[in-house]
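Here is the file run-v3.cif (mmCIF, C-alpha atoms (C1' of nucleotides)).
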data_input
#
loop_
_atom_site.label_atom_id
_atom_site.label_comp_id
_atom_site.auth_asym_id
_atom_site.auth_seq_id
_atom_site.Cartn_x
_atom_site.Cartn_y
_atom_site.Cartn_z
CA MET A 1 140.68 114.54 19.44
CA ARG A 2 141.24 111.01 18.27
CA ALA A 3 138.76 109.64 15.74
CA ASP A 4 137.49 106.88 18.00
CA ALA A 5 136.97 109.35 20.78
CA ARG A 6 134.78 111.54 18.61
CA ARG A 7 132.80 108.46 17.62
CA ASN A 8 132.24 107.66 21.28
CA LEU A 9 131.21 111.18 22.06
CA ASP A 10 128.46 110.91 19.50
CA LYS A 11 127.34 107.56 20.83
CA ILE A 12 127.17 109.06 24.30
CA VAL A 13 124.97 112.00 23.46
CA GLU A 14 122.73 109.78 21.41
CA ALA A 15 122.45 107.22 24.21
CA ALA A 16 121.82 109.93 26.76
CA ALA A 17 119.00 111.30 24.64
CA GLU A 18 117.39 107.88 24.41
CA VAL A 19 117.73 106.96 28.04
CA VAL A 20 116.52 110.34 29.21
CA SER A 21 113.45 110.10 27.05
CA GLU A 22 112.72 106.68 28.53
CA ARG A 23 113.51 107.25 32.17
CA GLY A 24 113.31 110.99 32.63
CA VAL A 25 115.88 113.65 33.41
CA ASN A 26 117.09 111.74 36.44
CA ALA A 27 118.30 108.71 34.57
CA PRO A 28 121.52 107.49 36.20
CA MET A 29 124.85 107.94 34.48
CA GLU A 30 125.48 104.24 34.52
CA ALA A 31 122.36 103.54 32.49
CA ILE A 32 123.52 106.00 29.89
CA ALA A 33 127.01 104.54 29.85
CA LYS A 34 125.70 101.04 29.37
CA ARG A 35 123.39 102.13 26.56
CA ALA A 36 126.28 103.85 24.83
CA GLY A 37 128.38 100.76 25.29
CA VAL A 38 131.12 102.56 27.20
CA GLY A 39 132.22 102.84 30.81
CA VAL A 40 131.06 105.62 33.10
CA GLY A 41 134.57 106.97 33.14
CA THR A 42 134.24 107.84 29.49
CA LEU A 43 131.22 110.03 30.13
CA TYR A 44 133.25 112.00 32.63
CA ARG A 45 136.15 112.44 30.27
CA ARG A 46 133.87 114.38 27.92
CA PHE A 47 131.57 116.12 30.33
CA PRO A 48 132.70 117.67 33.60
CA ASP A 49 129.64 116.30 35.37
CA ARG A 50 126.17 114.91 34.87
CA ASP A 51 124.65 118.37 34.52
CA ALA A 52 126.81 119.14 31.55
CA LEU A 53 125.73 115.97 29.79
CA ILE A 54 122.09 116.59 30.50
CA ALA A 55 122.50 120.13 29.23
CA ALA A 56 123.82 118.75 25.97
CA VAL A 57 120.78 116.54 25.67
CA GLY A 58 118.64 119.55 26.41
CA ASP A 59 120.12 121.47 23.53
CA LEU A 60 119.65 118.56 21.21
CA TYR A 61 116.02 118.28 22.19
CA ILE A 62 115.05 121.89 22.01
CA HIS A 63 116.44 122.06 18.50
CA THR A 64 114.57 118.95 17.45
CA MET A 65 111.38 120.24 19.01
CA ALA A 66 111.68 123.59 17.32
CA ASN A 67 112.20 121.82 14.05
CA ALA A 68 109.20 119.56 14.42
CA LEU A 69 107.02 122.50 15.32
CA ASP A 70 108.13 124.53 12.34
CA THR A 71 107.64 121.60 10.02
CA ALA A 72 104.13 121.00 11.26
CA ALA A 73 103.30 124.69 10.92
CA ARG A 74 104.62 124.76 7.38
CA ASP A 75 102.95 121.57 6.19
CA ARG A 76 99.49 122.40 7.42
CA ALA A 77 97.24 125.14 6.17
CA ASP A 78 95.13 125.29 9.31
CA ALA A 79 96.65 125.86 12.71
CA TRP A 80 94.60 123.17 14.41
CA SER A 81 95.99 120.41 12.22
CA ALA A 82 99.48 121.74 12.73
CA ILE A 83 99.07 121.58 16.48
CA TRP A 84 97.62 118.12 16.20
CA ASP A 85 100.57 116.99 14.13
CA PHE A 86 103.08 118.48 16.47
CA VAL A 87 101.54 116.97 19.56
CA SER A 88 101.37 113.58 17.89
CA TRP A 89 104.97 113.90 16.90
CA VAL A 90 106.04 114.61 20.44
CA ALA A 91 104.05 111.67 21.76
CA ALA A 92 105.49 109.24 19.26
CA PRO A 93 107.38 106.39 20.89
CA GLY A 94 110.95 107.14 21.81
CA ARG A 95 110.28 110.83 21.47
CA ALA A 96 111.21 113.87 23.32
CA ALA A 97 110.25 113.34 26.94
CA LEU A 98 112.84 115.78 28.00
CA ALA A 99 112.10 118.32 25.35
CA THR A 100 109.02 119.36 27.16
CA ALA A 101 110.40 118.89 30.61
CA LEU A 102 113.04 121.35 29.64
CA ALA A 103 110.44 123.75 28.51
CA VAL A 104 108.82 124.01 31.89
CA VAL A 105 110.41 122.33 34.82
CA PRO A 106 113.16 124.54 36.15
CA GLU A 107 115.90 122.00 35.61
CA GLU A 108 118.61 124.46 36.58
CA ALA A 109 121.41 122.66 34.84
CA ILE A 110 119.61 122.96 31.56
CA VAL A 111 117.49 126.02 31.64
CA ASP A 112 119.96 128.41 33.17
CA ARG A 113 121.95 128.85 30.03
CA GLU A 114 121.88 131.64 27.55
CA GLU A 115 121.59 129.62 24.40
CA PHE A 116 118.98 127.22 25.64
CA ALA A 117 116.87 130.00 27.03
CA ARG A 118 116.94 131.86 23.72
CA MET A 119 116.03 128.76 21.75
CA ARG A 120 113.24 127.92 24.11
CA ALA A 121 111.80 131.40 24.05
CA GLY A 122 111.64 131.34 20.27
CA TRP A 123 109.95 127.99 20.31
CA VAL A 124 107.34 129.06 22.83
CA GLU A 125 106.66 132.20 20.88
CA ARG A 126 106.01 130.38 17.64
CA PHE A 127 103.95 127.74 19.43
CA ASP A 128 101.91 130.49 21.01
CA ALA A 129 101.34 132.15 17.65
CA LEU A 130 100.04 128.86 16.34
CA VAL A 131 97.63 128.50 19.23
CA ARG A 132 96.32 132.02 18.78
CA ARG A 133 95.87 131.40 15.11
CA ALA A 134 93.90 128.23 15.82
CA GLN A 135 91.71 130.23 18.15
CA ALA A 136 91.25 132.97 15.58
CA GLU A 137 90.32 130.33 13.04
CA GLY A 138 87.66 129.19 15.45
CA SER A 139 89.01 125.70 15.93
CA MET A 140 90.28 126.00 19.46
CA ARG A 141 88.78 127.09 22.77
CA ALA A 142 89.73 130.58 23.79
CA ASP A 143 90.07 129.69 27.45
CA VAL A 144 93.19 127.60 27.08
CA GLY A 145 96.68 128.72 26.17
CA VAL A 146 100.08 127.47 25.03
CA GLU A 147 101.06 127.08 28.62
CA ASP A 148 98.32 124.52 29.09
CA LEU A 149 99.48 122.64 26.07
CA ILE A 150 103.07 122.73 27.24
CA HIS A 151 102.21 121.62 30.73
CA LEU A 152 100.25 118.67 29.47
CA LEU A 153 102.95 117.67 27.03
CA ASN A 154 105.25 117.81 30.00
CA VAL A 155 103.05 115.73 32.25
CA PHE A 156 102.49 112.98 29.74
CA THR A 157 105.98 112.62 28.39
CA CYS A 158 108.45 113.55 31.08
CA HIS A 159 108.31 111.28 34.09
CA PRO A 160 107.61 107.95 32.45
CA ASP A 161 108.53 106.06 35.60
CA ASP A 162 105.85 107.80 37.60
CA LEU A 163 103.08 107.27 35.09
CA PRO A 164 100.76 104.29 35.22
CA ALA A 165 102.16 101.81 32.73
CA PRO A 166 99.33 102.11 30.20
CA VAL A 167 99.76 105.87 30.08
CA ALA A 168 103.50 105.65 29.66
CA ALA A 169 102.95 103.11 26.93
CA ASP A 170 100.70 105.34 24.89
CA PRO A 171 100.81 108.96 25.99
CA GLY A 172 99.45 109.91 22.60
CA ARG A 173 96.08 108.44 23.46
CA TYR A 174 95.76 110.78 26.42
CA LEU A 175 97.20 113.77 24.67
CA ARG A 176 94.62 113.34 21.94
CA LEU A 177 91.91 113.12 24.54
CA MET A 178 93.17 116.41 25.85
CA LEU A 179 93.19 117.97 22.40
CA ASP A 180 89.61 116.86 21.95
CA GLY A 181 88.83 118.71 25.14
CA MET A 182 90.50 121.81 23.78
CA LYS A 183 88.57 122.02 20.58
CA ALA A 184 86.28 124.95 20.11
CA GLY A 185 82.94 124.18 21.67
CA ALA A 186 84.22 121.37 23.87
CA ALA A 187 83.95 123.37 27.05
CA THR A 188 81.17 122.29 29.35
CA PRO A 189 79.92 124.44 32.12
CA PRO A 190 79.95 122.28 35.22
CA PRO A 191 76.53 120.77 35.78
CA ASP A 192 74.42 122.94 38.04
CA ALA A 193 74.72 122.45 41.76
CA GLY A 194 73.34 119.08 42.80
CA ALA A 195 69.91 117.54 42.72
CA MET B 1 96.46 102.17 75.57
CA ARG B 2 96.88 105.40 77.43
CA ALA B 3 94.53 108.23 76.45
CA ASP B 4 97.29 110.54 75.25
CA ALA B 5 98.72 107.76 73.14
CA ARG B 6 95.43 107.21 71.39
CA ARG B 7 95.23 110.92 70.72
CA ASN B 8 98.67 110.83 69.14
CA LEU B 9 97.81 107.84 67.03
CA ASP B 10 94.95 109.79 65.52
CA LYS B 11 97.11 112.81 64.89
CA ILE B 12 99.62 110.58 63.16
CA VAL B 13 97.24 108.98 60.72
CA GLU B 14 95.68 112.32 59.98
CA ALA B 15 99.06 113.94 59.40
CA ALA B 16 100.18 111.05 57.25
CA ALA B 17 97.10 111.43 55.10
CA GLU B 18 97.76 115.11 54.60
CA VAL B 19 101.43 114.84 53.89
CA VAL B 20 100.93 111.95 51.52
CA SER B 21 98.34 113.84 49.56
CA GLU B 22 100.73 116.76 49.26
CA ARG B 23 103.99 114.99 48.55
CA GLY B 24 102.98 111.59 47.24
CA VAL B 25 103.32 108.08 48.60
CA ASN B 26 107.03 108.54 49.11
CA ALA B 27 106.78 111.31 51.64
CA PRO B 28 109.49 110.81 54.27
CA MET B 29 108.58 109.65 57.76
CA GLU B 30 110.15 112.72 59.26
CA ALA B 31 107.83 115.02 57.35
CA ILE B 32 104.86 113.11 58.69
CA ALA B 33 106.22 113.16 62.21
CA LYS B 34 106.78 116.88 62.10
CA ARG B 35 103.30 117.50 60.75
CA ALA B 36 101.82 115.40 63.51
CA GLY B 37 103.89 117.27 66.03
CA VAL B 38 105.59 114.14 67.36
CA GLY B 39 108.99 112.52 67.01
CA VAL B 40 109.74 109.83 64.45
CA GLY B 41 110.12 107.37 67.24
CA THR B 42 106.44 107.70 68.01
CA LEU B 43 105.48 106.66 64.51
CA TYR B 44 107.45 103.49 64.96
CA ARG B 45 105.86 102.69 68.28
CA ARG B 46 102.48 102.41 66.56
CA PHE B 47 103.44 101.06 63.19
CA PRO B 48 106.07 98.38 62.67
CA ASP B 49 107.42 100.23 59.66
CA ARG B 50 106.65 102.84 57.04
CA ASP B 51 104.69 100.40 54.90
CA ALA B 52 102.25 99.75 57.71
CA LEU B 53 101.60 103.43 58.16
CA ILE B 54 101.13 103.99 54.46
CA ALA B 55 98.79 101.05 54.35
CA ALA B 56 96.69 102.68 57.05
CA VAL B 57 96.50 105.82 54.98
CA GLY B 58 95.55 103.72 52.02
CA ASP B 59 92.61 102.23 53.85
CA LEU B 60 91.48 105.63 54.98
CA TYR B 61 91.61 106.92 51.44
CA ILE B 62 89.88 104.08 49.68
CA HIS B 63 87.00 104.37 52.10
CA THR B 64 86.75 108.10 51.58
CA MET B 65 86.92 107.68 47.82
CA ALA B 66 84.24 105.03 47.81
CA ASN B 67 82.08 107.29 49.85
CA ALA B 68 82.52 110.28 47.61
CA LEU B 69 81.72 108.19 44.57
CA ASP B 70 78.57 106.79 46.07
CA THR B 71 77.44 110.20 47.18
CA ALA B 72 77.94 111.66 43.74
CA ALA B 73 76.09 108.76 42.16
CA ARG B 74 73.20 109.18 44.54
CA ASP B 75 72.90 112.96 44.26
CA ARG B 76 72.88 113.13 40.50
CA ALA B 77 70.23 111.81 38.21
CA ASP B 78 72.48 111.59 35.18
CA ALA B 79 75.70 109.61 35.23
CA TRP B 80 77.72 112.27 33.49
CA SER B 81 77.09 114.84 36.20
CA ALA B 82 77.90 112.27 38.85
CA ILE B 83 81.23 111.56 37.21
CA TRP B 84 81.92 115.24 36.87
CA ASP B 85 81.16 115.76 40.54
CA PHE B 86 83.30 112.90 41.66
CA VAL B 87 86.27 113.95 39.58
CA SER B 88 85.96 117.50 40.85
CA TRP B 89 85.80 116.19 44.37
CA VAL B 90 88.98 114.22 43.97
CA ALA B 91 90.77 117.18 42.45
CA ALA B 92 89.75 119.53 45.22
CA PRO B 93 92.67 120.99 47.13
CA GLY B 94 94.08 118.79 49.85
CA ARG B 95 92.30 115.81 48.41
CA ALA B 96 93.06 112.25 47.85
CA ALA B 97 96.31 112.08 45.91
CA LEU B 98 96.98 108.66 47.24
CA ALA B 99 93.48 107.39 46.82
CA THR B 100 93.99 107.07 43.14
CA ALA B 101 97.61 106.08 43.32
CA LEU B 102 96.47 103.18 45.36
CA ALA B 103 93.95 102.30 42.81
CA VAL B 104 96.49 101.71 40.11
CA VAL B 105 100.12 101.87 40.95
CA PRO B 106 101.17 98.55 42.39
CA GLU B 107 102.24 100.00 45.70
CA GLU B 108 102.86 96.55 47.17
CA ALA B 109 102.65 97.64 50.76
CA ILE B 110 99.15 98.91 50.19
CA VAL B 111 97.59 96.92 47.45
CA ASP B 112 98.69 93.49 48.54
CA ARG B 113 96.19 93.23 51.31
CA GLU B 114 92.92 91.44 51.38
CA GLU B 115 90.75 94.19 52.74
CA PHE B 116 92.13 96.95 50.59
CA ALA B 117 91.87 94.84 47.49
CA ARG B 118 88.24 94.04 48.20
CA MET B 119 87.38 97.66 48.86
CA ARG B 120 89.14 98.78 45.75
CA ALA B 121 87.48 96.19 43.57
CA GLY B 122 84.06 97.32 44.73
CA TRP B 123 84.92 100.91 44.07
CA VAL B 124 86.17 100.21 40.57
CA GLU B 125 83.10 98.16 39.82
CA ARG B 126 80.70 100.92 40.82
CA PHE B 127 82.78 103.51 39.02
CA ASP B 128 82.71 101.36 35.92
CA ALA B 129 78.97 100.98 36.15
CA LEU B 130 78.66 104.75 36.28
CA VAL B 131 80.81 105.15 33.20
CA ARG B 132 78.81 102.60 31.25
CA ARG B 133 75.63 104.30 32.28
CA ALA B 134 76.95 107.64 31.06
CA GLN B 135 77.78 106.00 27.77
CA ALA B 136 74.36 104.42 27.55
CA GLU B 137 72.80 107.79 28.27
CA GLY B 138 74.77 109.12 25.32
CA SER B 139 76.79 111.63 27.27
CA MET B 140 80.15 109.95 27.12
CA ARG B 141 82.36 108.62 24.32
CA ALA B 142 82.26 104.89 23.95
CA ASP B 143 85.95 104.60 23.21
CA VAL B 144 87.14 105.45 26.70
CA GLY B 145 86.73 103.44 29.88
CA VAL B 146 86.99 103.66 33.66
CA GLU B 147 90.60 102.70 33.41
CA ASP B 148 91.29 105.87 31.46
CA LEU B 149 89.54 107.92 34.06
CA ILE B 150 91.41 106.21 36.86
CA HIS B 151 94.75 106.63 35.15
CA LEU B 152 94.13 110.31 34.66
CA LEU B 153 93.02 110.83 38.21
CA ASN B 154 96.21 109.08 39.16
CA VAL B 155 98.44 111.16 36.93
CA PHE B 156 97.02 114.48 38.02
CA THR B 157 96.79 113.91 41.72
CA CYS B 158 99.48 111.49 42.77
CA HIS B 159 102.94 112.81 42.16
CA PRO B 160 102.49 116.47 42.93
CA ASP B 161 106.23 117.01 43.14
CA ASP B 162 106.72 115.91 39.58
CA LEU B 163 103.99 118.02 38.09
CA PRO B 164 104.60 121.49 36.69
CA ALA B 165 103.61 123.86 39.48
CA PRO B 166 100.51 125.27 37.75
CA VAL B 167 99.16 121.79 37.21
CA ALA B 168 99.81 120.74 40.79
CA ALA B 169 98.12 123.93 41.91
CA ASP B 170 94.93 123.24 40.02
CA PRO B 171 94.68 119.68 38.77
CA GLY B 172 90.95 120.16 38.47
CA ARG B 173 91.39 122.50 35.54
CA TYR B 174 93.23 119.82 33.60
CA LEU B 175 90.99 116.99 34.65
CA ARG B 176 88.02 118.97 33.43
CA LEU B 177 89.79 119.53 30.14
CA MET B 178 90.13 115.78 29.86
CA LEU B 179 86.49 115.27 30.73
CA ASP B 180 85.54 117.67 28.00
CA GLY B 181 87.53 115.50 25.65
CA MET B 182 85.62 112.46 26.85
CA LYS B 183 82.18 113.82 26.18
CA ALA B 184 80.12 112.13 23.54
CA GLY B 185 80.97 113.63 20.18
CA ALA B 186 84.27 115.11 21.29
CA ALA B 187 86.33 112.57 19.38
CA THR B 188 88.08 113.94 16.33
CA PRO B 189 89.53 111.76 13.68
CA PRO B 190 93.09 112.91 13.17
CA PRO B 191 93.30 115.40 10.32
CA ASP B 192 94.01 113.67 7.04
CA ALA B 193 97.58 113.00 6.10
CA GLY B 194 99.42 116.26 5.43
CA ALA B 195 99.13 118.95 2.79
"C1'" DC C 1 103.52 108.76 94.80
"C1'" DG C 2 105.40 104.70 91.80
"C1'" DT C 3 105.97 102.94 87.67
"C1'" DA C 4 104.64 101.17 83.35
"C1'" DA C 5 103.51 103.42 79.12
"C1'" DG C 6 104.96 107.01 76.29
"C1'" DT C 7 108.07 110.36 74.10
"C1'" DG C 8 111.60 112.99 71.22
"C1'" DG C 9 115.18 112.94 68.31
"C1'" DA C 10 120.20 111.98 67.78
"C1'" DA C 11 122.88 108.09 66.09
"C1'" DT C 12 123.10 104.31 62.99
"C1'" DC C 13 122.43 101.77 58.79
"C1'" DT C 14 121.22 101.37 53.92
"C1'" DC C 15 120.99 102.23 49.40
"C1'" DG C 16 121.13 104.43 45.10
"C1'" DG C 17 123.83 107.11 42.48
"C1'" DA C 18 127.65 110.56 41.22
"C1'" DT C 19 132.48 111.08 40.73
"C1'" DT C 20 137.27 109.63 40.94
"C1'" DC C 21 141.24 106.84 39.80
"C1'" DC C 22 144.39 104.00 37.64
"C1'" DG C 23 146.25 99.78 35.41
"C1'" DG C 24 145.54 98.19 30.87
"C1'" DT C 25 144.44 99.47 25.59
"C1'" DT C 26 144.89 101.68 21.10
"C1'" DA C 27 145.06 105.03 17.30
"C1'" DG C 28 147.97 106.82 14.28
"C1'" DC C 29 152.38 109.67 13.74
"C1'" DG C 30 157.26 109.14 12.51
"C1'" DC D 1 156.72 98.58 12.54
"C1'" DG D 2 157.48 100.93 17.31
"C1'" DC D 3 156.02 104.47 20.62
"C1'" DT D 4 153.35 107.20 23.35
"C1'" DA D 5 149.83 110.39 24.15
"C1'" DA D 6 144.93 109.55 24.19
"C1'" DC D 7 141.70 106.59 25.54
"C1'" DC D 8 139.20 103.04 28.02
"C1'" DG D 9 136.43 100.24 31.53
"C1'" DG D 10 134.67 99.81 35.71
"C1'" DA D 11 135.88 98.88 40.60
"C1'" DA D 12 136.43 101.78 44.63
"C1'" DT D 13 135.03 105.79 47.01
"C1'" DC D 14 132.11 109.39 48.51
"C1'" DC D 15 127.58 111.34 49.65
"C1'" DG D 16 123.04 112.67 50.66
"C1'" DA D 17 118.42 111.08 51.76
"C1'" DG D 18 115.71 108.52 54.49
"C1'" DA D 19 114.30 104.46 57.25
"C1'" DT D 20 114.87 102.37 61.63
"C1'" DT D 21 116.75 101.83 66.25
"C1'" DC D 22 117.75 103.15 70.94
"C1'" DC D 23 117.62 105.11 75.30
"C1'" DA D 24 117.59 108.83 78.76
"C1'" DC D 25 113.83 111.41 80.06
"C1'" DT D 26 108.49 112.41 80.88
"C1'" DT D 27 103.87 111.74 82.21
"C1'" DA D 28 99.32 109.55 82.83
"C1'" DC D 29 96.81 107.42 86.11
"C1'" DG D 30 95.99 103.27 89.43
#
Could you render the structure as structure tokens?
Amino acid sequence: MRADARRNLDKIVEAAAEVVSERGVNAPMEAIAKRAGVGVGTLYRRFPDRDALIAAVGDLYIHTMANALDTAARDRADAWSAIWDFVSWVAAPGRAALATALAVVPEEAIVDREEFARMRAGWVERFDALVRRAQAEGSMRADVGVEDLIHLLNVFTCHPDDLPAPVAADPGRYLRLMLDGMKAGAATPPPDAGA
Amino acid sequence: MRADARRNLDKIVEAAAEVVSERGVNAPMEAIAKRAGVGVGTLYRRFPDRDALIAAVGDLYIHTMANALDTAARDRADAWSAIWDFVSWVAAPGRAALATALAVVPEEAIVDREEFARMRAGWVERFDALVRRAQAEGSMRADVGVEDLIHLLNVFTCHPDDLPAPVAADPGRYLRLMLDGMKAGAATPPPDAGA
DNA sequence: CGTAAGTGGAATCTCGGATTCCGGTTAGCG
DNA sequence: CGCTAACCGGAATCCGAGATTCCACTTACG
């Protein structure tokens, strides 16, 4: 492969990652091409079709996610802070969007692949361990689980176009609200049946 | 208007309301027609175009929403319980979806109309009053506002197709989680900078 | 009954992308 | 330096999803 071609390939994956995290998994090829500063044709010379490109982005994301999670877990003594860190990291501007989408939405092109599935499973497992630890440490409600966390991450970071602008602009604000609701003791029994 | 025609008109609006609350504001005309048990042509005999039909649904919803809010406010002595009730009502299965979408997303066809705008403004105002009261009563955090509540209602009930299945299946669970995070005292300062 | 009001739903039209194609460019070997 | 296999850009083409139109066929009801 010619040197310039390799350079372009990198630009493409990078651009795809950005665009996808801004516009969701359905971002059009042309948007990605423009961002990468190349023509659509070039995308197709490297990837057989859109699915393949998206899959590449998926792999990139799941690795990054796994990394961020492990870092947070290592840097924090208590599980709650680690979770907090990780969630904040995901919500940071220009962040993962897809990462979480991948983790839940059955985006066939991405999820139906050996390597991704393995990676994802490991990530979920470690995330789950962290949640259980937080619960054991008494800092997190026992009636919520990793799945809840994952779903919410997904909701707030994956379909930016469908979110009200203020939410898309600062998903972190809402994710923190949710974390506050997940703290130990935050649960409220619904108020008794009406007056 | 012939009696059978009037009957159909009712079926149409009703069907539209249902379908929209299940599939979002972009539900296709054909889906609505099928649900109403009529042909697409019939929809177009009553409404000049899709926007007009959606607008009708919008009016129906905003009225229903306003009603539910007022009822909750009347039946509960404390503002917090009223809010809780109202949010639960909106999240109930088969509920409003659109109602909230309308309230925020600039869905031109719907929002850009005198009557709807007026209705919506009144609703927001009363909702806001309720929130402030809850804050005054010391049951709700002061750093969140009606807008947050509205946005969340919107996120969790408007684009069912884009939500992870478990969330779409029980948005109430997640909305309640958020409410828990909005209770007075739920705010957590982020854990201090890392270990 | 007669006929204007109504009806279903296939056919048509649009539009937003994905994918293909090819004439024009280069990297980089000899 | 030339040469040519790799590369490129992006216009042209292809498609599926839905909105909207149209009309031969029914039906309510005066």
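The gap separating CA of Tyr61 in chain A from CA of Arg95 in chain A is 9.4 Å, in Å to one decimal.
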So that I can check the surroundings of Arg50 in chain B, please list as JSON, numbers by chain every protein, DNA and RNA residue that reaches within 10 Å of it, counting all atoms listed in the file and ignoring chain neighbours fewer than 3 positions away. {"B": [26, 28, 29, 43, 44, 47, 53, 54, 55, 56, 109], "D": [19, 20]}
Counting only C-alpha atoms (C1' of nucleotides), which residues come within 9 Å of (110.4, 115.8, 70.1), with the point read in the file's coordinates, and could you list them as a ChimeraX atom specification? /B:34,37-41 /C:7-9
Selection from above, C-alpha atoms (C1' of nucleotides), as a JSON list (two decimals), keeping the file's coordinate frame, can you write it?
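Result file selection_22.json:
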[["chain", "number", "residue", "atom", "x", "y", "z"],
["B", 34, "LYS", "CA", 106.78, 116.88, 62.10],
["B", 37, "GLY", "CA", 103.89, 117.27, 66.03],
["B", 38, "VAL", "CA", 105.59, 114.14, 67.36],
["B", 39, "GLY", "CA", 108.99, 112.52, 67.01],
["B", 40, "VAL", "CA", 109.74, 109.83, 64.45],
["B", 41, "GLY", "CA", 110.12, 107.37, 67.24],
["C", 7, "DT", "C1'", 108.07, 110.36, 74.10],
["C", 8, "DG", "C1'", 111.60, 112.99, 71.22],
["C", 9, "DG", "C1'", 115.18, 112.94, 68.31]]
By how many Å are CA of Val131 in chain B and CA of Ala79 in chain B apart? 7.1 Å
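Taking CA of Glu137 in chain A as the reference point, CA of Trp80 in chain A is found at 8.5 Å.
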Can you tell me, as a ChimeraX atom specification, what residues are no more than 12 Å from DC3 in chain D when counting only C-alpha atoms (C1' of nucleotides), ignoring any on the same chain fewer than 5 positions away? /C:26-30
Distance limit 10 Å, atoms considered: all atoms listed in the file. Which chain A residues sit that close to chain B? Return them as a ChimeraX atom specification. /A:72,74-78,80-82,84-85,88,101,104-106,144,147-148,150-152,154-156,158-159,162-167,173-183,185-195
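Using all atoms listed in the file, the contacts of Trp89 in chain A at a cut-off of 10 Å, with sequence neighbours closer than 6 positions omitted, comprise A:Met65, A:Ala68, A:Leu69, A:Ala72, A:Ile83, A:Arg95, A:Ala96, A:Gly172.
In this comparison, which uses all atoms listed in the file, the residue of C:DT25, C:DC1, C:DA18, C:DA11 approaching DC15 in chain D most closely is C:DA18.
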Could you write chain C of the block just shown to a file containing C-alpha atoms (C1' of nucleotides), as a PDB file, in the first residue's frame?
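selection.pdb written:
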ATOM      1  C1'  DC C   1     -83.845   4.433  -6.637  1.00  0.00           C
ATOM      2  C1'  DG C   2     -80.284   8.237  -7.997  1.00  0.00           C
ATOM      3  C1'  DT C   3     -76.401  10.362  -7.058  1.00  0.00           C
ATOM      4  C1'  DA C   4     -73.295  13.031  -4.447  1.00  0.00           C
ATOM      5  C1'  DA C   5     -70.189  11.808  -0.836  1.00  0.00           C
ATOM      6  C1'  DG C   6     -67.030   8.410   0.396  1.00  0.00           C
ATOM      7  C1'  DT C   7     -63.609   4.709  -0.129  1.00  0.00           C
ATOM      8  C1'  DG C   8     -59.378   1.681  -0.886  1.00  0.00           C
ATOM      9  C1'  DG C   9     -55.077   1.198  -2.486  1.00  0.00           C
ATOM     10  C1'  DA C  10     -52.122   0.851  -6.683  1.00  0.00           C
ATOM     11  C1'  DA C  11     -49.311   4.092  -9.277  1.00  0.00           C
ATOM     12  C1'  DT C  12     -46.486   8.088  -9.148  1.00  0.00           C
ATOM     13  C1'  DC C  13     -43.159  11.302  -7.384  1.00  0.00           C
ATOM     14  C1'  DT C  14     -39.522  12.712  -4.202  1.00  0.00           C
ATOM     15  C1'  DC C  15     -35.706  12.612  -1.606  1.00  0.00           C
ATOM     16  C1'  DG C  16     -31.911  11.103   0.975  1.00  0.00           C
ATOM     17  C1'  DG C  17     -28.317   8.215   0.789  1.00  0.00           C
ATOM     18  C1'  DA C  18     -25.346   4.092  -0.729  1.00  0.00           C
ATOM     19  C1'  DT C  19     -22.538   2.384  -4.334  1.00  0.00           C
ATOM     20  C1'  DT C  20     -20.346   2.454  -8.829  1.00  0.00           C
ATOM     21  C1'  DC C  21     -17.370   4.219 -12.427  1.00  0.00           C
ATOM     22  C1'  DC C  22     -13.925   6.400 -14.877  1.00  0.00           C
ATOM     23  C1'  DG C  23     -11.045  10.254 -16.636  1.00  0.00           C
ATOM     24  C1'  DG C  24      -7.442  12.617 -14.394  1.00  0.00           C
ATOM     25  C1'  DT C  25      -3.402  12.458 -10.600  1.00  0.00           C
ATOM     26  C1'  DT C  26       0.709  10.893  -8.173  1.00  0.00           C
ATOM     27  C1'  DA C  27       4.077   8.201  -5.507  1.00  0.00           C
ATOM     28  C1'  DG C  28       8.132   6.169  -5.937  1.00  0.00           C
ATOM     29  C1'  DC C  29      10.771   2.357  -8.467  1.00  0.00           C
ATOM     30  C1'  DG C  30      14.251   1.739 -12.089  1.00  0.00           C
TER      31       DG C  30
END
